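This is query20.pdb (PDB, C-alpha atoms, pLDDT in the B column).
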```pdb
ATOM      1  CA  MET A   1     125.580  25.240 166.997  1.00 55.00           C
ATOM      2  CA  LYS A   2     124.515  27.677 169.704  1.00 62.00           C
ATOM      3  CA  GLN A   3     127.281  30.156 168.872  1.00 63.00           C
ATOM      4  CA  LYS A   4     126.209  30.251 165.247  1.00 57.00           C
ATOM      5  CA  GLU A   5     122.590  30.918 166.199  1.00 60.00           C
ATOM      6  CA  VAL A   6     123.626  33.716 168.568  1.00 56.00           C
ATOM      7  CA  ARG A   7     125.748  35.366 165.856  1.00 58.00           C
ATOM      8  CA  MET A   8     122.865  35.206 163.403  1.00 57.00           C
ATOM      9  CA  ARG A   9     120.593  36.999 165.897  1.00 64.00           C
ATOM     10  CA  GLU A  10     123.227  39.671 166.571  1.00 68.00           C
ATOM     11  CA  ARG A  11     123.703  40.442 162.882  1.00 70.00           C
ATOM     12  CA  GLY A  12     120.250  41.985 162.527  1.00 81.00           C
ATOM     13  CA  VAL A  13     118.195  42.759 159.482  1.00 89.00           C
ATOM     14  CA  ARG A  14     120.079  43.766 156.344  1.00 92.00           C
ATOM     15  CA  LYS A  15     118.990  46.851 154.427  1.00 94.00           C
ATOM     16  CA  LYS A  16     117.470  46.342 150.980  1.00 96.00           C
ATOM     17  CA  MET A  17     117.189  48.998 148.281  1.00 96.00           C
ATOM     18  CA  SER A  18     116.237  49.183 144.631  1.00 96.00           C
ATOM     19  CA  GLY A  19     117.829  51.365 141.980  1.00 96.00           C
ATOM     20  CA  VAL A  20     119.091  51.651 138.426  1.00 96.00           C
ATOM     21  CA  VAL A  21     122.472  50.508 137.094  1.00 96.00           C
ATOM     22  CA  VAL A  22     124.426  53.463 135.675  1.00 95.00           C
ATOM     23  CA  ARG A  23     127.827  51.822 135.146  1.00 94.00           C
ATOM     24  CA  SER A  24     128.961  48.229 134.715  1.00 92.00           C
ATOM     25  CA  SER A  25     132.425  48.526 133.199  1.00 91.00           C
ATOM     26  CA  ILE A  26     134.276  47.281 136.285  1.00 90.00           C
ATOM     27  CA  ASP A  27     134.739  43.503 136.595  1.00 94.00           C
ATOM     28  CA  LYS A  28     132.271  41.955 139.097  1.00 95.00           C
ATOM     29  CA  THR A  29     131.115  45.440 140.139  1.00 96.00           C
ATOM     30  CA  THR A  30     128.286  47.717 139.089  1.00 96.00           C
ATOM     31  CA  VAL A  31     127.343  51.239 140.149  1.00 97.00           C
ATOM     32  CA  VAL A  32     123.704  51.621 141.194  1.00 97.00           C
ATOM     33  CA  VAL A  33     121.883  54.917 141.741  1.00 97.00           C
ATOM     34  CA  VAL A  34     119.130  54.888 144.369  1.00 96.00           C
ATOM     35  CA  ASN A  35     116.673  57.798 144.236  1.00 96.00           C
ATOM     36  CA  ARG A  36     114.621  58.845 147.248  1.00 94.00           C
ATOM     37  CA  LEU A  37     112.431  61.701 148.471  1.00 95.00           C
ATOM     38  CA  LYS A  38     113.433  63.590 151.616  1.00 96.00           C
ATOM     39  CA  LYS A  39     111.233  66.087 153.403  1.00 96.00           C
ATOM     40  CA  HIS A  40     112.853  69.473 154.033  1.00 96.00           C
ATOM     41  CA  SER A  41     112.945  70.213 157.768  1.00 95.00           C
ATOM     42  CA  SER A  42     111.731  73.826 157.687  1.00 96.00           C
ATOM     43  CA  TYR A  43     109.901  74.160 154.347  1.00 96.00           C
ATOM     44  CA  GLU A  44     108.255  70.720 154.591  1.00 94.00           C
ATOM     45  CA  LYS A  45     108.631  70.258 150.862  1.00 96.00           C
ATOM     46  CA  TYR A  46     109.908  67.010 149.366  1.00 97.00           C
ATOM     47  CA  ILE A  47     113.351  67.115 147.757  1.00 96.00           C
ATOM     48  CA  ARG A  48     114.772  64.498 145.404  1.00 96.00           C
ATOM     49  CA  ARG A  49     118.029  62.954 146.633  1.00 96.00           C
ATOM     50  CA  HIS A  50     120.178  60.220 145.138  1.00 96.00           C
ATOM     51  CA  SER A  51     123.072  58.051 146.266  1.00 96.00           C
ATOM     52  CA  LYS A  52     125.499  55.914 144.279  1.00 97.00           C
ATOM     53  CA  TYR A  53     126.488  52.491 145.600  1.00 97.00           C
ATOM     54  CA  LEU A  54     129.155  50.072 144.403  1.00 97.00           C
ATOM     55  CA  VAL A  55     127.475  46.671 144.167  1.00 97.00           C
ATOM     56  CA  HIS A  56     129.108  43.233 143.962  1.00 97.00           C
ATOM     57  CA  ASP A  57     127.884  41.419 140.836  1.00 95.00           C
ATOM     58  CA  PRO A  58     129.895  38.152 140.705  1.00 94.00           C
ATOM     59  CA  MET A  59     128.412  36.893 137.420  1.00 93.00           C
ATOM     60  CA  ASN A  60     128.495  40.269 135.580  1.00 93.00           C
ATOM     61  CA  ARG A  61     124.779  39.946 134.772  1.00 93.00           C
ATOM     62  CA  CYS A  62     123.836  43.630 135.014  1.00 94.00           C
ATOM     63  CA  GLN A  63     123.732  46.029 132.090  1.00 94.00           C
ATOM     64  CA  ILE A  64     123.312  49.786 132.089  1.00 94.00           C
ATOM     65  CA  GLY A  65     119.678  50.737 132.691  1.00 94.00           C
ATOM     66  CA  ASP A  66     118.641  47.563 134.542  1.00 95.00           C
ATOM     67  CA  LYS A  67     116.436  47.983 137.601  1.00 96.00           C
ATOM     68  CA  VAL A  68     117.961  45.950 140.423  1.00 97.00           C
ATOM     69  CA  ARG A  69     117.453  45.154 144.097  1.00 97.00           C
ATOM     70  CA  ILE A  70     120.535  45.280 146.323  1.00 97.00           C
ATOM     71  CA  VAL A  71     121.179  44.086 149.864  1.00 97.00           C
ATOM     72  CA  GLU A  72     123.676  45.217 152.480  1.00 95.00           C
ATOM     73  CA  CYS A  73     126.604  42.871 153.207  1.00 94.00           C
ATOM     74  CA  ARG A  74     130.015  42.757 154.807  1.00 94.00           C
ATOM     75  CA  PRO A  75     132.737  44.948 153.259  1.00 96.00           C
ATOM     76  CA  ILE A  76     134.025  43.301 150.085  1.00 95.00           C
ATOM     77  CA  SER A  77     136.483  46.058 149.159  1.00 95.00           C
ATOM     78  CA  LYS A  78     137.247  49.637 150.172  1.00 95.00           C
ATOM     79  CA  ASN A  79     133.922  51.034 148.905  1.00 95.00           C
ATOM     80  CA  LYS A  80     131.857  47.914 148.135  1.00 96.00           C
ATOM     81  CA  ARG A  81     129.336  47.041 150.870  1.00 96.00           C
ATOM     82  CA  TRP A  82     126.333  45.923 148.806  1.00 97.00           C
ATOM     83  CA  GLN A  83     125.469  42.751 146.864  1.00 97.00           C
ATOM     84  CA  LEU A  84     123.138  42.165 143.961  1.00 96.00           C
ATOM     85  CA  LEU A  85     120.000  40.428 145.192  1.00 96.00           C
ATOM     86  CA  GLU A  86     117.967  40.273 141.987  1.00 96.00           C
ATOM     87  CA  ILE A  87     117.405  41.967 138.653  1.00 96.00           C
ATOM     88  CA  ILE A  88     113.880  43.373 138.693  1.00 95.00           C
ATOM     89  CA  GLU A  89     113.724  44.530 135.079  1.00 94.00           C
ATOM     90  CA  LYS A  90     116.207  44.038 132.230  1.00 93.00           C
ATOM     91  CA  THR A  91     116.610  46.745 129.625  1.00 88.00           C
ATOM     92  CA  GLU A  92     116.574  45.945 125.971  1.00 81.00           C
ATOM     93  CA  LEU A  93     119.607  46.921 123.951  1.00 66.00           C
ATOM     94  CA  ASN A  94     117.328  48.808 121.546  1.00 47.00           C
ATOM     95  CA  LYS A  95     116.229  51.233 124.280  1.00 54.00           C
ATOM     96  CA  ILE A  96     119.769  52.329 125.096  1.00 52.00           C
ATOM     97  CA  ASP A  97     121.142  55.042 122.840  1.00 52.00           C
ATOM     98  CA  VAL A  98     124.604  53.872 121.838  1.00 47.00           C
ATOM     99  CA  LYS A  99     126.477  56.114 119.459  1.00 48.00           C
ATOM    100  CA  ILE A 100     128.795  54.117 117.231  1.00 46.00           C
ATOM    101  CA  GLU A 101     131.371  56.258 115.539  1.00 51.00           C
ATOM    102  CA  GLN A 102     131.638  55.563 111.839  1.00 52.00           C
ATOM    103  CA  PRO A 103     135.108  55.751 110.301  1.00 55.00           C
ATOM    104  CA  LEU A 104     135.512  58.600 107.853  1.00 53.00           C
ATOM    105  CA  GLU A 105     135.749  57.495 104.251  1.00 58.00           C
ATOM    106  CA  GLN A 106     138.512  59.193 102.303  1.00 51.00           C
TER     107      GLN A 106
END
```
Show the structure stored in the file as structure tokens.
Amino acid sequence: MKQKEVRMRERGVRKKMSGVVVRSSIDKTTVVVVNRLKKHSSYEKYIRRHSKYLVHDPMNRCQIGDKVRIVECRPISKNKRWQLLEIIEKTELNKIDVKIEQPLEQ
């Protein structure tokens, strides 16, 4: 039991971020964009920056536009190092603009 407790202390605190789902077409994976403000070193003006993260979503619960919270984890694949912690806000299907192509009548 002592070894397990020591490993848990060594692991440290995992990073948590919140962002918006921009892609969910991959099985058990979603792409989340996290926006942040960064202060410019010389001009001291705030600049908008964003990063895309591949997030493990084992139940495929996320849809495009959902606001989610993600947490850092061990590497799951080559680029996947984040897990879905919770869905903060679900988007309604009516809000998303989906263009359905109508077949041409001849």
- Output check: residues returned by the PyMOL selection byres ((chain A and resi 65) around 8), as an MDAnalysis selection string: chainID A and resid 20:22 63:64 66:67 90:91 96
Any chance you could export the current selection's C-alpha atoms as a compact mmCIF listing (two decimals), in the coordinates of the input?
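Output saved as part_19.txt:
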```
# COMPACT_ATOMS: atom_id res chain seq x y z
CA VAL A 20 119.09 51.65 138.43
CA VAL A 21 122.47 50.51 137.09
CA VAL A 22 124.43 53.46 135.68
CA GLN A 63 123.73 46.03 132.09
CA ILE A 64 123.31 49.79 132.09
CA ASP A 66 118.64 47.56 134.54
CA LYS A 67 116.44 47.98 137.60
CA LYS A 90 116.21 44.04 132.23
CA THR A 91 116.61 46.74 129.62
CA ILE A 96 119.77 52.33 125.10
```
- Query: Pick from A:Cys62, A:Ile70, A:Val31, A:Leu54: nearest to A:Met17, with only C-alpha atoms counted?
  - Reply: A:Ile70
Selection dump of the PyMOL selection byres ((chain A and resi 71) around 8), as an mmCIF file with C-alpha atoms, in the coordinates of the input:
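Generated output (out.cif):
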```
data_model
loop_
_atom_site.group_PDB
_atom_site.id
_atom_site.type_symbol
_atom_site.label_atom_id
_atom_site.label_comp_id
_atom_site.auth_asym_id
_atom_site.auth_seq_id
_atom_site.Cartn_x
_atom_site.Cartn_y
_atom_site.Cartn_z
ATOM 1 C CA ARG A 14 120.079 43.766 156.344
ATOM 2 C CA LYS A 15 118.990 46.851 154.427
ATOM 3 C CA LYS A 16 117.470 46.342 150.980
ATOM 4 C CA MET A 17 117.189 48.998 148.281
ATOM 5 C CA ARG A 69 117.453 45.154 144.097
ATOM 6 C CA ILE A 70 120.535 45.280 146.323
ATOM 7 C CA GLU A 72 123.676 45.217 152.480
ATOM 8 C CA CYS A 73 126.604 42.871 153.207
ATOM 9 C CA TRP A 82 126.333 45.923 148.806
ATOM 10 C CA GLN A 83 125.469 42.751 146.864
ATOM 11 C CA LEU A 84 123.138 42.165 143.961
ATOM 12 C CA LEU A 85 120.000 40.428 145.192
#
```
- Message: Need the shell around A:Lys38: protein/DNA/RNA residues with any atom at most 12 Å away, counting all atoms listed in the file. Skip same-chain ones fewer than 3 positions apart. Format as JSON, numbers by chain?
- Response: {"A": [35, 41, 43, 44, 45, 46, 47, 48, 49, 50]}
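Using all atoms listed in the file, the smallest distance between any of A:Val32, A:Ile26, A:Ser51, A:His40 and A:Ile87 comes from A:Val32.
Reported to one decimal place, the separation of atom CA of A:Gly19 from atom CA of A:Lys78 is 21.1 Å.
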- Message: For a test of reading the model, state the distance in Å between atom CA of A:Val34 and atom CA of A:Arg11, rounded to one decimal.
- Response: 23.9 Å
